[in-house]
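Peer 1: What follows is work-v4.pdb, made up of PDB, C-alpha atoms (C1' of nucleotides):
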MODEL        1
ATOM      1  CA  MET A 147       8.059  25.140  55.823
ATOM      2  CA  SER A 148       8.898  22.183  53.602
ATOM      3  CA  THR A 149       6.824  22.628  50.429
ATOM      4  CA  THR A 150       4.029  20.197  49.826
ATOM      5  CA  HIS A 151       6.805  17.737  49.361
ATOM      6  CA  THR A 152       6.576  16.132  52.696
ATOM      7  CA  ASP A 153       2.988  16.489  53.649
ATOM      8  CA  VAL A 154       3.420  12.785  53.267
ATOM      9  CA  PRO A 155       4.180  10.012  55.739
ATOM     10  CA  ALA A 156       7.640  11.566  55.935
ATOM     11  CA  SER A 157       9.603   8.642  57.161
ATOM     12  CA  LEU A 158       9.343   5.199  55.672
ATOM     13  CA  PRO A 159      11.011   1.816  55.901
ATOM     14  CA  HIS A 160      12.811   2.237  52.575
ATOM     15  CA  PRO A 161      12.923   1.894  49.754
ATOM     16  CA  VAL A 162      10.251   4.563  49.582
ATOM     17  CA  PRO A 163       6.980   3.104  48.202
ATOM     18  CA  ALA A 164       6.787   5.390  45.170
ATOM     19  CA  ALA A 165       3.811   6.996  46.833
ATOM     20  CA  GLU A 166       6.151   9.760  47.839
ATOM     21  CA  TYR A 167       6.739  10.682  44.228
ATOM     22  CA  GLN A 168       3.076  11.120  43.485
ATOM     23  CA  ALA A 169       2.749  13.314  46.516
ATOM     24  CA  CYS A 170       3.983  16.384  44.658
ATOM     25  CA  PRO A 171       2.278  16.707  41.263
ATOM     26  CA  VAL A 172       5.151  18.752  39.888
ATOM     27  CA  THR A 173       7.759  16.222  40.935
ATOM     28  CA  ASP A 174       5.664  13.440  39.538
ATOM     29  CA  VAL A 175       5.203  15.167  36.191
ATOM     30  CA  MET A 176       8.882  16.002  35.938
ATOM     31  CA  ARG A 177       9.829  12.403  36.475
ATOM     32  CA  LEU A 178       7.362  11.565  33.782
ATOM     33  CA  LEU A 179       8.833  13.988  31.260
ATOM     34  CA  GLY A 180      12.418  13.965  32.431
ATOM     35  CA  ASP A 181      13.693  10.866  30.710
ATOM     36  CA  LYS A 182      15.730  10.865  27.569
ATOM     37  CA  TRP A 183      13.049  10.518  24.864
ATOM     38  CA  THR A 184       9.657  11.540  26.195
ATOM     39  CA  LEU A 185       9.666  15.211  25.264
ATOM     40  CA  LEU A 186      10.935  14.468  21.809
ATOM     41  CA  LEU A 187       8.155  11.965  21.204
ATOM     42  CA  ILE A 188       5.510  14.308  22.577
ATOM     43  CA  THR A 189       6.767  17.052  20.305
ATOM     44  CA  LEU A 190       6.615  14.808  17.261
ATOM     45  CA  LEU A 191       3.191  13.395  18.110
ATOM     46  CA  GLY A 192       2.031  16.953  18.628
ATOM     47  CA  ARG A 193       2.313  17.449  14.885
ATOM     48  CA  ARG A 194       0.458  14.382  13.693
ATOM     49  CA  PRO A 195      -0.095  10.692  14.463
ATOM     50  CA  TYR A 196       2.811   8.369  13.806
ATOM     51  CA  ARG A 197       3.227   4.674  13.314
ATOM     52  CA  PHE A 198       5.781   2.748  15.320
ATOM     53  CA  ASN A 199       8.540   2.404  12.788
ATOM     54  CA  GLU A 200       7.837   5.860  11.507
ATOM     55  CA  LEU A 201       8.730   7.171  14.957
ATOM     56  CA  HIS A 202      11.696   4.870  15.074
ATOM     57  CA  ARG A 203      13.045   6.448  11.905
ATOM     58  CA  ALA A 204      12.060   9.981  12.891
ATOM     59  CA  VAL A 205      13.708  10.082  16.266
ATOM     60  CA  ASP A 206      16.769   8.202  15.312
ATOM     61  CA  GLY A 207      19.222   7.324  17.972
ATOM     62  CA  ILE A 208      16.397   5.741  19.943
ATOM     63  CA  SER A 209      16.453   1.979  20.340
ATOM     64  CA  GLN A 210      13.408  -0.118  19.600
ATOM     65  CA  ARG A 211      13.312  -1.019  23.238
ATOM     66  CA  MET A 212      13.228   2.549  24.494
ATOM     67  CA  LEU A 213      10.676   3.569  21.892
ATOM     68  CA  THR A 214       8.354   0.823  23.081
ATOM     69  CA  ARG A 215       8.918   1.565  26.741
ATOM     70  CA  THR A 216       8.498   5.302  26.403
ATOM     71  CA  LEU A 217       5.322   4.990  24.348
ATOM     72  CA  ARG A 218       3.927   2.449  26.804
ATOM     73  CA  SER A 219       4.617   4.747  29.669
ATOM     74  CA  LEU A 220       2.996   7.700  27.931
ATOM     75  CA  GLU A 221       0.014   5.516  27.183
ATOM     76  CA  VAL A 222      -0.326   4.394  30.789
ATOM     77  CA  ASP A 223      -0.186   8.001  31.938
ATOM     78  CA  GLY A 224      -2.917   8.886  29.489
ATOM     79  CA  LEU A 225      -0.882  11.271  27.350
ATOM     80  CA  VAL A 226      -0.793   9.100  24.252
ATOM     81  CA  GLU A 227      -3.417   6.920  22.592
ATOM     82  CA  ARG A 228      -2.537   3.728  20.796
ATOM     83  CA  GLU A 229      -4.675   2.375  17.995
ATOM     84  CA  VAL A 230      -4.079  -1.043  16.488
ATOM     85  CA  PHE A 231      -5.204  -1.754  12.946
ATOM     86  CA  PRO A 232      -5.681  -5.503  12.494
ATOM     87  CA  THR A 233      -4.088  -5.547   9.079
ATOM     88  CA  VAL A 234      -1.385  -7.855   7.911
ATOM     89  CA  PRO A 235       1.314  -6.995   8.598
ATOM     90  CA  PRO A 236       0.035  -5.297  11.756
ATOM     91  CA  SER A 237      -0.069  -1.546  11.945
ATOM     92  CA  VAL A 238      -0.200   0.603  15.068
ATOM     93  CA  GLU A 239      -0.784   4.294  15.267
ATOM     94  CA  TYR A 240       0.146   6.595  18.140
ATOM     95  CA  ARG A 241      -1.396   9.987  18.719
ATOM     96  CA  LEU A 242      -1.543  12.531  21.515
ATOM     97  CA  SER A 243      -4.620  12.291  23.728
ATOM     98  CA  PRO A 244      -6.425  15.524  24.623
ATOM     99  CA  LEU A 245      -4.468  15.486  27.853
ATOM    100  CA  GLY A 246      -1.274  15.129  25.855
ATOM    101  CA  VAL A 247      -2.284  17.991  23.596
ATOM    102  CA  SER A 248      -2.890  20.200  26.614
ATOM    103  CA  LEU A 249       0.693  19.555  27.627
ATOM    104  CA  LEU A 250       2.054  21.053  24.411
ATOM    105  CA  GLU A 251       1.590  24.612  25.574
ATOM    106  CA  PRO A 252       3.645  24.562  28.791
ATOM    107  CA  VAL A 253       6.178  22.317  27.121
ATOM    108  CA  SER A 254       6.546  24.818  24.306
ATOM    109  CA  ALA A 255       7.198  27.552  26.819
ATOM    110  CA  LEU A 256       9.958  25.499  28.379
ATOM    111  CA  ALA A 257      11.335  24.556  24.981
ATOM    112  CA  ALA A 258      11.431  28.198  23.982
ATOM    113  CA  TRP A 259      13.358  29.004  27.137
ATOM    114  CA  ALA A 260      15.767  26.168  26.407
ATOM    115  CA  VAL A 261      16.430  27.379  22.890
ATOM    116  CA  GLY A 262      16.781  30.955  24.018
ATOM    117  CA  HIS A 263      19.109  30.317  26.938
ATOM    118  CA  HIS A 264      21.056  27.236  26.016
ATOM    119  CA  ALA A 265      24.024  29.275  24.926
ATOM    120  CA  GLU A 266      24.224  30.883  28.377
ATOM    121  CA  ILE A 267      24.210  27.503  30.048
ATOM    122  CA  THR A 268      26.941  26.255  27.782
ATOM    123  CA  ARG A 269      28.946  29.376  28.468
ATOM    124  CA  ALA A 270      28.510  28.900  32.226
ATOM    125  CA  ARG A 271      29.693  25.323  31.962
ATOM    126  CA  GLY A 272      32.673  26.381  29.955
ATOM    127  CA  SER A 273      33.729  29.116  32.342
ATOM    128  CA  THR A 274      33.693  26.624  35.181
ATOM    129  CA  GLU A 275      36.515  25.192  33.122
ATOM    130  CA  ASN A 276      34.972  21.798  33.009
TER
ATOM    131  CA  MET B  55      12.852  13.931   9.151
ATOM    132  CA  SER B  56      14.748  13.336  12.408
ATOM    133  CA  THR B  57      14.393  16.549  14.384
ATOM    134  CA  THR B  58      17.606  18.342  15.198
ATOM    135  CA  HIS B  59      18.300  15.412  17.389
ATOM    136  CA  THR B  60      20.781  13.600  15.262
ATOM    137  CA  ASP B  61      22.330  16.280  13.201
ATOM    138  CA  VAL B  62      25.243  15.027  15.229
ATOM    139  CA  PRO B  63      27.985  12.529  14.498
ATOM    140  CA  ALA B  64      25.223   9.919  14.633
ATOM    141  CA  SER B  65      27.240   6.827  15.322
ATOM    142  CA  LEU B  66      29.914   6.658  17.963
ATOM    143  CA  PRO B  67      32.172   4.133  19.675
ATOM    144  CA  HIS B  68      30.195   4.281  22.928
ATOM    145  CA  PRO B  69      29.689   5.425  25.484
ATOM    146  CA  VAL B  70      28.367   8.479  23.689
ATOM    147  CA  PRO B  71      30.570  11.535  24.437
ATOM    148  CA  ALA B  72      27.823  13.605  26.012
ATOM    149  CA  ALA B  73      28.065  15.885  23.014
ATOM    150  CA  GLU B  74      24.924  14.206  21.767
ATOM    151  CA  TYR B  75      22.967  15.481  24.720
ATOM    152  CA  GLN B  76      23.921  19.062  24.133
ATOM    153  CA  ALA B  77      22.912  18.755  20.509
ATOM    154  CA  CYS B  78      19.263  19.459  21.257
ATOM    155  CA  PRO B  79      18.851  22.362  23.668
ATOM    156  CA  VAL B  80      15.497  21.078  24.836
ATOM    157  CA  THR B  81      16.820  17.609  25.562
ATOM    158  CA  ASP B  82      19.785  19.090  27.343
ATOM    159  CA  VAL B  83      17.646  21.333  29.521
ATOM    160  CA  MET B  84      15.280  18.527  30.369
ATOM    161  CA  ARG B  85      18.113  16.353  31.530
ATOM    162  CA  LEU B  86      19.201  19.273  33.628
ATOM    163  CA  LEU B  87      15.817  19.766  35.275
ATOM    164  CA  GLY B  88      14.574  16.208  35.140
ATOM    165  CA  ASP B  89      16.263  14.788  38.193
ATOM    166  CA  LYS B  90      14.631  14.256  41.530
ATOM    167  CA  TRP B  91      15.379  17.502  43.351
ATOM    168  CA  THR B  92      16.316  20.250  40.919
ATOM    169  CA  LEU B  93      12.897  21.774  40.337
ATOM    170  CA  LEU B  94      12.112  21.785  44.006
ATOM    171  CA  LEU B  95      15.337  23.621  44.795
ATOM    172  CA  ILE B  96      14.789  26.122  42.006
ATOM    173  CA  THR B  97      11.300  26.799  43.291
ATOM    174  CA  LEU B  98      12.547  27.395  46.814
ATOM    175  CA  LEU B  99      15.451  29.576  45.722
ATOM    176  CA  GLY B 100      12.997  31.518  43.588
ATOM    177  CA  ARG B 101      11.506  32.872  46.791
ATOM    178  CA  ARG B 102      14.659  33.966  48.574
ATOM    179  CA  PRO B 103      18.287  32.962  49.174
ATOM    180  CA  TYR B 104      18.881  29.965  51.386
ATOM    181  CA  ARG B 105      21.775  28.599  53.343
ATOM    182  CA  PHE B 106      22.831  25.009  52.964
ATOM    183  CA  ASN B 107      21.295  23.494  56.054
ATOM    184  CA  GLU B 108      18.280  25.696  55.675
ATOM    185  CA  LEU B 109      17.650  24.018  52.337
ATOM    186  CA  HIS B 110      18.369  20.669  53.887
ATOM    187  CA  ARG B 111      15.621  21.239  56.415
ATOM    188  CA  ALA B 112      13.235  22.836  53.925
ATOM    189  CA  VAL B 113      13.307  20.130  51.312
ATOM    190  CA  ASP B 114      13.385  17.243  53.663
ATOM    191  CA  GLY B 115      13.729  13.817  52.261
ATOM    192  CA  ILE B 116      16.824  14.978  50.420
ATOM    193  CA  SER B 117      20.162  13.595  51.533
ATOM    194  CA  GLN B 118      23.103  15.849  52.214
ATOM    195  CA  ARG B 119      24.882  14.234  49.327
ATOM    196  CA  MET B 120      22.140  14.946  46.806
ATOM    197  CA  LEU B 121      21.676  18.484  48.071
ATOM    198  CA  THR B 122      25.349  19.170  47.490
ATOM    199  CA  ARG B 123      25.409  17.490  44.119
ATOM    200  CA  THR B 124      22.272  19.180  42.860
ATOM    201  CA  LEU B 125      23.396  22.626  43.990
ATOM    202  CA  ARG B 126      26.825  22.060  42.453
ATOM    203  CA  SER B 127      25.261  21.086  39.189
ATOM    204  CA  LEU B 128      22.964  24.110  39.183
ATOM    205  CA  GLU B 129      25.954  26.284  39.927
ATOM    206  CA  VAL B 130      27.989  24.826  37.067
ATOM    207  CA  ASP B 131      25.090  25.398  34.698
ATOM    208  CA  GLY B 132      24.873  29.006  35.817
ATOM    209  CA  LEU B 133      21.395  28.822  37.326
ATOM    210  CA  VAL B 134      22.447  29.266  40.927
ATOM    211  CA  GLU B 135      25.043  31.481  42.571
ATOM    212  CA  ARG B 136      26.969  30.407  45.631
ATOM    213  CA  GLU B 137      28.361  32.881  48.104
ATOM    214  CA  VAL B 138      30.676  31.866  50.905
ATOM    215  CA  PHE B 139      30.855  33.983  54.039
ATOM    216  CA  PRO B 140      34.189  33.385  55.755
ATOM    217  CA  THR B 141      32.680  33.323  59.196
ATOM    218  CA  VAL B 142      33.222  30.718  61.825
ATOM    219  CA  PRO B 143      31.561  28.373  61.564
ATOM    220  CA  PRO B 144      31.407  28.812  57.775
ATOM    221  CA  SER B 145      28.225  29.985  56.131
ATOM    222  CA  VAL B 146      27.204  29.560  52.492
ATOM    223  CA  GLU B 147      24.330  31.181  50.756
ATOM    224  CA  TYR B 148      22.667  30.023  47.565
ATOM    225  CA  ARG B 149      20.556  32.223  45.343
ATOM    226  CA  LEU B 150      19.109  32.073  41.844
ATOM    227  CA  SER B 151      21.197  33.786  39.182
ATOM    228  CA  PRO B 152      19.409  36.030  36.668
ATOM    229  CA  LEU B 153      19.419  33.056  34.314
ATOM    230  CA  GLY B 154      17.836  30.962  37.051
ATOM    231  CA  VAL B 155      15.218  33.628  37.675
ATOM    232  CA  SER B 156      14.331  33.677  33.988
ATOM    233  CA  LEU B 157      13.603  29.975  34.267
ATOM    234  CA  LEU B 158      10.910  30.528  36.871
ATOM    235  CA  GLU B 159       8.318  31.602  34.343
ATOM    236  CA  PRO B 160       8.288  28.564  32.036
ATOM    237  CA  VAL B 161       8.694  26.305  35.032
ATOM    238  CA  SER B 162       5.666  27.886  36.651
ATOM    239  CA  ALA B 163       3.659  27.214  33.512
ATOM    240  CA  LEU B 164       4.632  23.574  33.652
ATOM    241  CA  ALA B 165       3.980  23.401  37.377
ATOM    242  CA  ALA B 166       0.534  24.864  36.845
ATOM    243  CA  TRP B 167      -0.183  22.227  34.240
ATOM    244  CA  ALA B 168       1.029  19.535  36.594
ATOM    245  CA  VAL B 169      -1.203  20.716  39.407
ATOM    246  CA  GLY B 170      -4.165  21.103  37.100
ATOM    247  CA  HIS B 171      -3.874  17.749  35.356
ATOM    248  CA  HIS B 172      -2.271  15.444  37.872
ATOM    249  CA  ALA B 173      -5.600  13.934  38.788
ATOM    250  CA  GLU B 174      -6.189  12.939  35.160
ATOM    251  CA  ILE B 175      -2.826  11.231  35.005
ATOM    252  CA  THR B 176      -3.515   9.354  38.191
ATOM    253  CA  ARG B 177      -6.906   8.331  36.871
ATOM    254  CA  ALA B 178      -5.342   7.112  33.617
ATOM    255  CA  ARG B 179      -2.815   5.052  35.543
ATOM    256  CA  GLY B 180      -5.542   3.568  37.657
ATOM    257  CA  SER B 181      -7.739   2.603  34.724
ATOM    258  CA  THR B 182      -4.819   0.757  33.180
ATOM    259  CA  GLU B 183      -5.385  -1.370  36.261
ATOM    260  CA  ASN B 184      -1.824  -1.014  37.345
TER
ATOM    261  C1'  DC C 187      28.099  24.577  59.338
ATOM    262  C1'  DA C 188      28.920  22.779  55.059
ATOM    263  C1'  DG C 189      30.592  19.739  53.135
ATOM    264  C1'  DC C 190      33.579  15.132  51.007
ATOM    265  C1'  DA C 191      34.562   9.929  50.552
ATOM    266  C1'  DT C 192      32.934   5.367  50.217
ATOM    267  C1'  DC C 193      29.813   1.737  49.502
ATOM    268  C1'  DC C 194      25.886  -0.152  47.357
ATOM    269  C1'  DG C 195      21.317  -1.358  45.458
ATOM    270  C1'  DG C 196      18.103   0.066  41.897
ATOM    271  C1'  DT C 197      17.122   2.165  37.575
ATOM    272  C1'  DC C 198      17.903   3.757  32.872
ATOM    273  C1'  DT C 199      19.440   2.827  28.452
ATOM    274  C1'  DG C 200      21.568   0.418  24.670
ATOM    275  C1'  DA C 201      22.843  -3.945  22.006
ATOM    276  C1'  DT C 202      21.419  -8.053  20.253
ATOM    277  C1'  DA C 203      18.529 -11.808  19.061
ATOM    278  C1'  DC C 204      14.006 -13.674  18.385
ATOM    279  C1'  DT C 205       8.538 -13.693  17.117
ATOM    280  C1'  DG C 206       3.246 -13.371  15.819
TER
ATOM    281  C1'  DC D  85       5.460  -4.334  11.119
ATOM    282  C1'  DA D  86       5.578  -4.026  15.826
ATOM    283  C1'  DG D  87       7.034  -5.681  19.090
ATOM    284  C1'  DT D  88       9.339  -9.131  23.372
ATOM    285  C1'  DA D  89      13.412 -11.205  26.013
ATOM    286  C1'  DT D  90      17.870 -11.154  27.753
ATOM    287  C1'  DC D  91      22.230  -9.204  28.992
ATOM    288  C1'  DA D  92      25.310  -5.698  30.503
ATOM    289  C1'  DG D  93      27.222  -1.118  31.519
ATOM    290  C1'  DA D  94      26.497   3.499  33.173
ATOM    291  C1'  DC D  95      24.224   6.420  36.219
ATOM    292  C1'  DC D  96      21.115   7.858  40.095
ATOM    293  C1'  DG D  97      20.309   8.315  44.733
ATOM    294  C1'  DG D  98      20.545   6.926  49.682
ATOM    295  C1'  DA D  99      23.248   5.557  54.033
ATOM    296  C1'  DT D 100      27.046   6.172  56.740
ATOM    297  C1'  DG D 101      31.202   8.060  58.587
ATOM    298  C1'  DC D 102      34.672  11.730  58.629
ATOM    299  C1'  DT D 103      36.537  16.888  58.457
ATOM    300  C1'  DG D 104      38.096  22.069  58.191
TER
ENDMDL
END
Take the structure in the file and write it out as structure tokens.
Peer 2:
Amino acid sequence: MSTTHTDVPASLPHPVPAAEYQACPVTDVMRLLGDKWTLLLITLLGRRPYRFNELHRAVDGISQRMLTRTLRSLEVDGLVEREVFPTVPPSVEYRLSPLGVSLLEPVSALAAWAVGHHAEITRARGSTEN
Amino acid sequence: MSTTHTDVPASLPHPVPAAEYQACPVTDVMRLLGDKWTLLLITLLGRRPYRFNELHRAVDGISQRMLTRTLRSLEVDGLVEREVFPTVPPSVEYRLSPLGVSLLEPVSALAAWAVGHHAEITRARGSTEN
DNA sequence: CAGCATCCGGTCTGATACTG
DNA sequence: CAGTATCAGACCGGATGCTG
């Protein structure tokens, strides 16, 4: 069988040209959302637009570097829109794009599962006696 | 505001004791599912039980090492059950636990989104002119 | 068959310092 | 305010060789 995962060249010189990742949409999307801050930012931006430092304060724990990188990445993937206001000092606003908004629903479903079952996971980890 | 994310010690000696990750159930679950192979394995095991080498062939592209590690991790988190048959040569079967089965629904929702919107993401990436 | 041990390059993330 | 640049440590994931 093999899932759609390897309806792809299948054997490459290494390191794999990243094309492999885009082969499976699900894998690609998970690698997009699976980093440390992305979901949190999407959730926040799902409520309203935020300015850079506003996000920095809201998320707290995130470094300036990771905030920039994560937002950039979301922008490149078309999930977030970035609007610069040429004021002084500069002001930049981030908001979810329509594509980003459409992601809120499935993400909410997953979030609900996480909240509802996290205790079970923790219990399982504990009973493995760490 | 700050989301539930840092209703946690908030400042630690480093490296952070992993407790921070478990603070937000959603973040924790995403870090659980967000690696390269987990979702693919869950999807496969959602269809029927598999033996180790059967999975190895099915997923292809995955190394033996990562297959072992990913399955181990899923087992520790209580999403997958591992049954050893003391035959010779040995035989091990992996199946989704009830908790793992319950994950199929939200994951399917996300997968559906991925399939439905992957083209838009690709287009967005392209128009950023790489 | 179903692993484990070792090595290693690449990536992720944070800390810190600097800038238009 | 909203970043960029640099450095460094931890982690991810693959390759290879060995074993009960």
Peer 1: Pairing the C-alpha atoms in order across the whole chain, superpose chain B onto chain A by least squares and write the result as a compact mmCIF listing (two decimals) with C-alpha atoms, keeping the file's coordinate frame.
Peer 2:
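Okay, superposed.txt is ready:
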# COMPACT_ATOMS: atom_id res chain seq x y z
CA MET B 55 8.36 25.21 55.80
CA SER B 56 8.89 22.09 53.66
CA THR B 57 6.79 22.63 50.56
CA THR B 58 4.05 20.10 49.97
CA HIS B 59 6.84 17.71 49.39
CA THR B 60 6.78 15.85 52.62
CA ASP B 61 3.26 16.18 53.78
CA VAL B 62 3.59 12.46 53.25
CA PRO B 63 4.36 9.60 55.60
CA ALA B 64 7.85 11.11 55.79
CA SER B 65 9.82 8.12 56.94
CA LEU B 66 9.48 4.71 55.38
CA PRO B 67 11.12 1.29 55.46
CA HIS B 68 12.70 1.74 52.02
CA PRO B 69 12.59 1.53 49.19
CA VAL B 70 10.07 4.34 49.21
CA PRO B 71 6.67 3.11 47.92
CA ALA B 72 6.49 5.51 45.00
CA ALA B 73 3.64 7.21 46.80
CA GLU B 74 6.13 9.88 47.74
CA TYR B 75 6.65 10.80 44.12
CA GLN B 76 2.99 11.34 43.47
CA ALA B 77 2.76 13.55 46.52
CA CYS B 78 3.94 16.62 44.63
CA PRO B 79 2.24 16.93 41.25
CA VAL B 80 5.11 18.95 39.85
CA THR B 81 7.71 16.43 40.93
CA ASP B 82 5.60 13.63 39.55
CA VAL B 83 5.16 15.32 36.19
CA MET B 84 8.83 16.13 35.94
CA ARG B 85 9.77 12.54 36.52
CA LEU B 86 7.32 11.70 33.80
CA LEU B 87 8.80 14.11 31.27
CA GLY B 88 12.37 14.11 32.47
CA ASP B 89 13.65 11.00 30.79
CA LYS B 90 15.69 10.91 27.63
CA TRP B 91 13.03 10.56 24.94
CA THR B 92 9.63 11.59 26.24
CA LEU B 93 9.65 15.25 25.25
CA LEU B 94 10.93 14.47 21.81
CA LEU B 95 8.15 11.96 21.23
CA ILE B 96 5.51 14.33 22.56
CA THR B 97 6.78 17.04 20.25
CA LEU B 98 6.63 14.75 17.23
CA LEU B 99 3.20 13.37 18.09
CA GLY B 100 2.05 16.95 18.56
CA ARG B 101 2.36 17.38 14.81
CA ARG B 102 0.50 14.30 13.63
CA PRO B 103 -0.06 10.62 14.45
CA TYR B 104 2.84 8.29 13.84
CA ARG B 105 3.26 4.58 13.42
CA PHE B 106 5.80 2.69 15.45
CA ASN B 107 8.58 2.31 12.93
CA GLU B 108 7.89 5.75 11.60
CA LEU B 109 8.75 7.09 15.04
CA HIS B 110 11.73 4.80 15.19
CA ARG B 111 13.09 6.34 12.02
CA ALA B 112 12.10 9.89 12.96
CA VAL B 113 13.73 10.01 16.35
CA ASP B 114 16.79 8.10 15.44
CA GLY B 115 19.23 7.28 18.12
CA ILE B 116 16.41 5.71 20.09
CA SER B 117 16.44 1.96 20.53
CA GLN B 118 13.39 -0.14 19.81
CA ARG B 119 13.26 -1.03 23.45
CA MET B 120 13.19 2.56 24.68
CA LEU B 121 10.67 3.57 22.04
CA THR B 122 8.32 0.85 23.24
CA ARG B 123 8.87 1.61 26.89
CA THR B 124 8.46 5.35 26.51
CA LEU B 125 5.29 5.02 24.44
CA ARG B 126 3.89 2.50 26.91
CA SER B 127 4.56 4.84 29.76
CA LEU B 128 2.95 7.77 27.97
CA GLU B 129 -0.03 5.59 27.24
CA VAL B 130 -0.40 4.51 30.86
CA ASP B 131 -0.24 8.13 31.97
CA GLY B 132 -2.97 9.01 29.50
CA LEU B 133 -0.91 11.35 27.33
CA VAL B 134 -0.82 9.15 24.26
CA GLU B 135 -3.43 6.96 22.61
CA ARG B 136 -2.55 3.75 20.85
CA GLU B 137 -4.65 2.34 18.05
CA VAL B 138 -4.06 -1.08 16.60
CA PHE B 139 -5.15 -1.82 13.04
CA PRO B 140 -5.64 -5.56 12.64
CA THR B 141 -4.04 -5.65 9.24
CA VAL B 142 -1.35 -7.98 8.10
CA PRO B 143 1.33 -7.19 8.83
CA PRO B 144 0.03 -5.41 11.95
CA SER B 145 -0.02 -1.64 12.10
CA VAL B 146 -0.15 0.55 15.21
CA GLU B 147 -0.74 4.23 15.34
CA TYR B 148 0.15 6.56 18.17
CA ARG B 149 -1.40 9.96 18.71
CA LEU B 150 -1.55 12.55 21.47
CA SER B 151 -4.62 12.35 23.68
CA PRO B 152 -6.43 15.60 24.54
CA LEU B 153 -4.48 15.59 27.79
CA GLY B 154 -1.27 15.20 25.80
CA VAL B 155 -2.27 18.05 23.51
CA SER B 156 -2.88 20.30 26.50
CA LEU B 157 0.70 19.64 27.53
CA LEU B 158 2.07 21.10 24.32
CA GLU B 159 1.62 24.68 25.44
CA PRO B 160 3.65 24.66 28.67
CA VAL B 161 6.20 22.41 27.03
CA SER B 162 6.57 24.87 24.19
CA ALA B 163 7.21 27.64 26.69
CA LEU B 164 9.97 25.60 28.27
CA ALA B 165 11.36 24.62 24.89
CA ALA B 166 11.46 28.26 23.88
CA TRP B 167 13.38 29.08 27.03
CA ALA B 168 15.78 26.25 26.34
CA VAL B 169 16.46 27.43 22.81
CA GLY B 170 16.82 31.02 23.91
CA HIS B 171 19.13 30.41 26.85
CA HIS B 172 21.07 27.30 25.97
CA ALA B 173 24.06 29.33 24.89
CA GLU B 174 24.24 30.96 28.33
CA ILE B 175 24.21 27.59 30.02
CA THR B 176 26.95 26.32 27.78
CA ARG B 177 28.97 29.44 28.46
CA ALA B 178 28.49 29.01 32.21
CA ARG B 179 29.67 25.41 31.99
CA GLY B 180 32.68 26.45 30.01
CA SER B 181 33.71 29.21 32.40
CA THR B 182 33.63 26.72 35.25
CA GLU B 183 36.51 25.31 33.23
CA ASN B 184 34.93 21.93 33.07
Peer 1: Which value, in Å to one decimal, gives the distance between CA of Leu125 (chain B) and CA of Ile96 (chain B)?
Peer 2: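 Distance reported for this atom pair: 9.5 Å.
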Peer 1: List the neighbours of His172 (chain B) out to 8 Å using all atoms listed in the file; skip same-chain residues closer than 5 positions along the sequence, and give me the result as a PDB file with C-alpha atoms, in the coordinates of the input.
Peer 2:
ATOM      1  CA  PRO A 171       2.278  16.707  41.263  1.00  0.00           C
ATOM      2  CA  VAL A 175       5.203  15.167  36.191  1.00  0.00           C
TER       3      VAL A 175
ATOM      4  CA  TRP B 167      -0.183  22.227  34.240  1.00  0.00           C
TER       5      TRP B 167
END
Peer 1: Assuming the chain letters and numbering stay as they are in my file, what does the PyMOL selection byres ((chain C and resi 200) around 7) actually select? List them as a VMD selection string.
Peer 2: (chain A and resid 209) or (chain C and resid 199 201)
Peer 1: Apply the PyMOL selection byres ((chain D) within 12 of (chain B)) to the file shown and report the selected residues as a VMD selection string.
Peer 2: chain D and resid 93 to 100 104
Peer 1: For Thr233 (chain A), work out the shell of residues within 12 Å, counting all atoms listed in the file and skipping chain neighbours fewer than 4 positions away, then give it as a short mmCIF file (atom, residue, chain, number, x, y, z; two decimals) with C-alpha atoms (C1' of nucleotides), keeping the file's coordinate frame.
Peer 2:
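Final file, selection-v7.cif:
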data_model
loop_
_atom_site.label_atom_id
_atom_site.label_comp_id
_atom_site.auth_asym_id
_atom_site.auth_seq_id
_atom_site.Cartn_x
_atom_site.Cartn_y
_atom_site.Cartn_z
CA GLU A 229 -4.68 2.38 18.00
CA SER A 237 -0.07 -1.55 11.94
CA VAL A 238 -0.20 0.60 15.07
"C1'" DC D 85 5.46 -4.33 11.12
"C1'" DA D 86 5.58 -4.03 15.83
#
Peer 1: Grab the CA of Leu99 (chain B) to CA of Leu153 (chain B) distance for me, in Å with one decimal place.
Peer 2: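 Separating CA of Leu99 (chain B) from CA of Leu153 (chain B) is a distance of 12.6 Å.
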Peer 1: Could you list the residues in chain C lying within 8 Å of chain B, using all atoms listed in the file, and format the result as a compact mmCIF listing (two decimals) with C-alpha atoms (C1' of nucleotides), keeping the file's coordinate frame?
Peer 2:
# COMPACT_ATOMS: atom_id res chain seq x y z
C1' DC C 187 28.10 24.58 59.34
C1' DA C 188 28.92 22.78 55.06
C1' DG C 189 30.59 19.74 53.14
